[in-house]
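The structure appears right after this line, and notes come after that.
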Amino acid sequence: MAGAPVHFLILSRNAMLYSTSRIVLAARARGHEVTVADPLDFNLAVSRGRPDMFLGDHPIPRADLVIPRIGASITNYGLAVVRQFDLMGVPVLNTAVAIARSRDKLRAFQLLTKKDLDVPKTVCARSPDSVDQALSFIGGAPAIIKLQQGTQGIGTMIAETREAATSLLETLWAMGQDIILQEYISESKGKDYRAIVVGGRVIAAMRRQAKKGEFRSNLHRGGLGVRVDLPKSYVAAAVTAVKVMGLEIGGVDMLEGKDGPKILEINSSPGLEGIERTSGVDVAGAIIQHAEKFVLRRKQRKKARRSATFGGKDPNILAEQRARRVKA
Ligand SMILES: Nc1ncnc2c1ncn2[C@@H]1O[C@H](COP(=O)(O)OP(=O)(O)O)[C@@H](O)[C@H]1O
Ligand SMILES: [Mg+2]
């Protein structure tokens, strides 16, 4: 264990979920205290200079570090809770802003491409008059259409023809959905890579193959994961992508393009079941080990800042010296 025992607070809707329970067990196995709380059970109190929060009628549980596992269905409230912890000075592993960046596929692409990472050609448009221009930009049909905030394969569609793409786009726009239109990377043939990055390192990876007749390789859509040694260029892309999002933990989906990795998305609460079973890596254990270091670093930085403020002297020592002088 790096440093003293830590009190972790895991934000998750259900302590029995595979990923949540694995993180709890990994933390306890390393001698830490863990509380799991449902983000929806917190009440946020906002007033001038005094952000506060309650868990039902009670004060919030003690936490040296909050580990958020915020599901897509509760993104807004979940992120408000994570942000409130941050405002109250409680460290969080994956900040609200980093989670929000990665959860919005368009916003993530804007940031990734600015750092010269490769993604499938993507267009965001809102006007029915733009369909032709948008389709031309991505190289025509087949085209991928995605909800900006989709997950687990839900919200990712393929339009085989220009007509299908046009009608689908018009329908989704009329329904007020935020969508992106994307080049179909045909050479990936239903396969992609999932890399888990923790603390700036790829600690586990798998290749996922979509089931027959399906282009989405998500395990939730019946895809099959196999163990893989991730090629170097994919390791580098995954690490940079997670760094650009500002995440401490991230699951990066990448397609194998003709010229190397094309990043699809970064998941801030990646599922652990498939990757642990496929790779044999103790991902939960690696998350806790990184969390220990994170807490230790935060403490050291805080201490250094405090000493700098007090002329390079520890305020506790200064107070003791003052007390001794008064007594003398
Ligand atoms: N542009 C694309 N070309 C080919 N396949 C794609 C493309 N975009 C997504 N896919 C397939 O669909 C799956 C889901 O897409 P992704 O962007 O990761 O959304 P989700 O958040 O739903 O997982 C990917 O894992 C991949 O197999
Ligand atoms: Mg995905």
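So you can find residues: chains in the structure tokens are A, B, ... in the order shown, residues in each start at 1, and ligands are numbered from 1 in order.
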For range 105-118 of chain A: contacts at 12 Å, only C-alpha atoms, fewer than 2 positions along chain excluded, given as a ChimeraX atom specification:
/A:97-103,120-125,145-151,155-156,178-182,233-234,236-247,252-268
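The shell of residues at most 10 Å from Leu87 in chain A, with only C-alpha atoms counted and near chain neighbours (fewer than 2 positions) removed, consists of A:Gly49, A:Arg50, A:Pro51, A:Asp52, A:Val81, A:Val82, A:Arg83, A:Gln84, A:Phe85, A:Gly89, A:Val90, A:Pro91.
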Between CA of Val34 in chain A and CA of Val6 in chain A, what is the distance in Å, rounded to a tenth?
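Pair CA of Val34 in chain A / CA of Val6 in chain A returns 8.3 Å.
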From the DSSP assignment of the backbone, select every residue of range 1-101 of chain A that is helix (DSSP H, G or I), and format the answer as a PyMOL selection string.
chain A and resi 18-29+39-41+72-87+96-101
Selected residues written out, N, CA and C atoms, as an mmCIF file, in the first residue's frame:
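Listing of result-v5.cif after writing:
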data_model
loop_
_atom_site.group_PDB
_atom_site.id
_atom_site.type_symbol
_atom_site.label_atom_id
_atom_site.label_comp_id
_atom_site.auth_asym_id
_atom_site.auth_seq_id
_atom_site.Cartn_x
_atom_site.Cartn_y
_atom_site.Cartn_z
ATOM 1 N N TYR A 18 -20.896 -5.405 -11.065
ATOM 2 C CA TYR A 18 -19.586 -6.072 -11.123
ATOM 3 C C TYR A 18 -18.444 -5.090 -10.888
ATOM 4 N N SER A 19 -18.422 -3.997 -11.658
ATOM 5 C CA SER A 19 -17.277 -3.079 -11.582
ATOM 6 C C SER A 19 -17.176 -2.445 -10.204
ATOM 7 N N THR A 20 -18.316 -2.012 -9.660
ATOM 8 C CA THR A 20 -18.308 -1.374 -8.342
ATOM 9 C C THR A 20 -17.813 -2.358 -7.281
ATOM 10 N N SER A 21 -18.359 -3.568 -7.306
ATOM 11 C CA SER A 21 -17.988 -4.522 -6.255
ATOM 12 C C SER A 21 -16.520 -4.930 -6.387
ATOM 13 N N ARG A 22 -16.005 -4.978 -7.587
ATOM 14 C CA ARG A 22 -14.582 -5.311 -7.773
ATOM 15 C C ARG A 22 -13.694 -4.211 -7.175
ATOM 16 N N ILE A 23 -14.078 -2.953 -7.376
ATOM 17 C CA ILE A 23 -13.268 -1.841 -6.837
ATOM 18 C C ILE A 23 -13.338 -1.863 -5.305
ATOM 19 N N VAL A 24 -14.528 -2.138 -4.763
ATOM 20 C CA VAL A 24 -14.686 -2.214 -3.302
ATOM 21 C C VAL A 24 -13.777 -3.309 -2.743
ATOM 22 N N LEU A 25 -13.826 -4.494 -3.353
ATOM 23 C CA LEU A 25 -13.027 -5.621 -2.850
ATOM 24 C C LEU A 25 -11.535 -5.322 -2.949
ATOM 25 N N ALA A 26 -11.140 -4.708 -4.077
ATOM 26 C CA ALA A 26 -9.711 -4.392 -4.268
ATOM 27 C C ALA A 26 -9.243 -3.407 -3.196
ATOM 28 N N ALA A 27 -10.098 -2.431 -2.855
ATOM 29 C CA ALA A 27 -9.717 -1.436 -1.848
ATOM 30 C C ALA A 27 -9.614 -2.102 -0.476
ATOM 31 N N ARG A 28 -10.607 -2.919 -0.142
ATOM 32 C CA ARG A 28 -10.582 -3.579 1.182
ATOM 33 C C ARG A 28 -9.395 -4.516 1.286
ATOM 34 N N ALA A 29 -9.083 -5.212 0.195
ATOM 35 C CA ALA A 29 -7.960 -6.157 0.215
ATOM 36 C C ALA A 29 -6.648 -5.432 0.514
ATOM 37 N N PRO A 39 -25.280 8.387 -6.291
ATOM 38 C CA PRO A 39 -25.218 9.840 -6.517
ATOM 39 C C PRO A 39 -26.589 10.512 -6.373
ATOM 40 N N LEU A 40 -27.655 9.787 -6.713
ATOM 41 C CA LEU A 40 -28.992 10.394 -6.659
ATOM 42 C C LEU A 40 -29.474 10.592 -5.220
ATOM 43 N N ASP A 41 -28.800 9.983 -4.244
ATOM 44 C CA ASP A 41 -29.213 10.137 -2.838
ATOM 45 C C ASP A 41 -28.618 11.378 -2.173
ATOM 46 N N ALA A 72 -24.564 6.717 -17.791
ATOM 47 C CA ALA A 72 -25.023 7.700 -18.780
ATOM 48 C C ALA A 72 -26.413 8.243 -18.443
ATOM 49 N N SER A 73 -27.263 7.411 -17.814
ATOM 50 C CA SER A 73 -28.646 7.840 -17.577
ATOM 51 C C SER A 73 -28.740 8.919 -16.496
ATOM 52 N N ILE A 74 -27.671 9.093 -15.695
ATOM 53 C CA ILE A 74 -27.747 10.111 -14.627
ATOM 54 C C ILE A 74 -26.600 11.111 -14.758
ATOM 55 N N THR A 75 -26.156 11.323 -15.998
ATOM 56 C CA THR A 75 -24.973 12.173 -16.211
ATOM 57 C C THR A 75 -25.105 13.532 -15.523
ATOM 58 N N ASN A 76 -26.214 14.244 -15.760
ATOM 59 C CA ASN A 76 -26.305 15.620 -15.258
ATOM 60 C C ASN A 76 -26.231 15.697 -13.743
ATOM 61 N N TYR A 77 -27.089 14.919 -13.068
ATOM 62 C CA TYR A 77 -27.104 14.984 -11.601
ATOM 63 C C TYR A 77 -25.806 14.415 -11.031
ATOM 64 N N GLY A 78 -25.366 13.309 -11.633
ATOM 65 C CA GLY A 78 -24.128 12.665 -11.174
ATOM 66 C C GLY A 78 -22.952 13.630 -11.250
ATOM 67 N N LEU A 79 -22.861 14.374 -12.344
ATOM 68 C CA LEU A 79 -21.740 15.310 -12.496
ATOM 69 C C LEU A 79 -21.869 16.496 -11.541
ATOM 70 N N ALA A 80 -23.111 16.887 -11.235
ATOM 71 C CA ALA A 80 -23.296 17.977 -10.261
ATOM 72 C C ALA A 80 -22.779 17.532 -8.895
ATOM 73 N N VAL A 81 -23.009 16.267 -8.544
ATOM 74 C CA VAL A 81 -22.529 15.742 -7.259
ATOM 75 C C VAL A 81 -20.992 15.703 -7.249
ATOM 76 N N VAL A 82 -20.418 15.212 -8.340
ATOM 77 C CA VAL A 82 -18.940 15.142 -8.432
ATOM 78 C C VAL A 82 -18.352 16.556 -8.308
ATOM 79 N N ARG A 83 -18.965 17.516 -8.992
ATOM 80 C CA ARG A 83 -18.482 18.903 -8.971
ATOM 81 C C ARG A 83 -18.578 19.484 -7.555
ATOM 82 N N GLN A 84 -19.672 19.122 -6.850
ATOM 83 C CA GLN A 84 -19.863 19.645 -5.496
ATOM 84 C C GLN A 84 -18.752 19.134 -4.560
ATOM 85 N N PHE A 85 -18.380 17.865 -4.717
ATOM 86 C CA PHE A 85 -17.263 17.333 -3.922
ATOM 87 C C PHE A 85 -16.006 18.151 -4.203
ATOM 88 N N ASP A 86 -15.776 18.389 -5.480
ATOM 89 C CA ASP A 86 -14.600 19.149 -5.905
ATOM 90 C C ASP A 86 -14.611 20.541 -5.250
ATOM 91 N N LEU A 87 -15.778 21.208 -5.291
ATOM 92 C CA LEU A 87 -15.910 22.552 -4.702
ATOM 93 C C LEU A 87 -15.671 22.525 -3.197
ATOM 94 N N ALA A 96 -15.440 16.279 -12.811
ATOM 95 C CA ALA A 96 -16.708 16.444 -13.538
ATOM 96 C C ALA A 96 -16.446 16.965 -14.951
ATOM 97 N N VAL A 97 -15.515 17.901 -15.075
ATOM 98 C CA VAL A 97 -15.279 18.494 -16.395
ATOM 99 C C VAL A 97 -14.645 17.462 -17.338
ATOM 100 N N ALA A 98 -13.768 16.622 -16.808
ATOM 101 C CA ALA A 98 -13.143 15.592 -17.652
ATOM 102 C C ALA A 98 -14.174 14.550 -18.090
ATOM 103 N N ILE A 99 -15.069 14.186 -17.170
ATOM 104 C CA ILE A 99 -16.111 13.205 -17.525
ATOM 105 C C ILE A 99 -17.027 13.807 -18.590
ATOM 106 N N ALA A 100 -17.407 15.082 -18.399
ATOM 107 C CA ALA A 100 -18.314 15.736 -19.350
ATOM 108 C C ALA A 100 -17.682 15.825 -20.743
ATOM 109 N N ARG A 101 -16.406 16.157 -20.784
ATOM 110 C CA ARG A 101 -15.695 16.242 -22.073
ATOM 111 C C ARG A 101 -15.746 14.917 -22.823
#
List the neighbours of range 126-142 of chain A out to 6 Å using only C-alpha atoms; skip same-chain residues closer than 3 positions along the sequence, and give me the result as a PDB file with C-alpha atoms, in the first residue's frame.
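Listed below is the output, around10.pdb:
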ATOM      1  CA  LYS A 121     -14.057  11.980 -40.407  1.00  0.00           C
ATOM      2  CA  ALA A 159     -27.058   4.009 -42.949  1.00  0.00           C
ATOM      3  CA  GLU A 160     -26.184   1.820 -45.939  1.00  0.00           C
ATOM      4  CA  THR A 161     -27.348   4.271 -48.588  1.00  0.00           C
ATOM      5  CA  ARG A 162     -27.486   8.020 -49.137  1.00  0.00           C
ATOM      6  CA  GLU A 183     -17.225   8.107 -41.980  1.00  0.00           C
TER       7      GLU A 183
END
Residue neighbourhood Leu230 in chain A, 10 Å, only C-alpha atoms, exclusion window fewer than 3 positions, as an MDAnalysis selection string
chainID A and resid 193:195 202 204:207 227 233:236
Using DSSP on the backbone, list every residue of range 208-289 of chain A that comes out as strand (DSSP E or B), and give them as number ranges by chain.
A: 208-209, 224-227, 249-257, 260-267
Looking at only C-alpha atoms and all ligand atoms, which of A:Gly153, A:Gly274, A:Gly176, A:Gly200 is the one that sits closest to ligand 2?
A:Gly153
Using only C-alpha atoms and all ligand atoms, pick whichever of A:Phe215, A:Phe42, A:Trp173, A:Phe294 has the shortest atom-to-atom distance to ligand 2.
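Ranked by minimum distance to ligand 2, first place goes to A:Phe215.
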Rank A:Ala291, A:His220, A:Met88, A:Leu172 by their smallest atom-to-atom distance to Leu65 in chain A, using only C-alpha atoms, and report the top residue only.
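Closest to Leu65 in chain A, using only C-alpha atoms: A:Ala291.
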Counting only C-alpha atoms and all ligand atoms, closest pick from A:Met157, A:Ala284, A:Leu272, A:Ala174 relative to ligand 1 is A:Met157
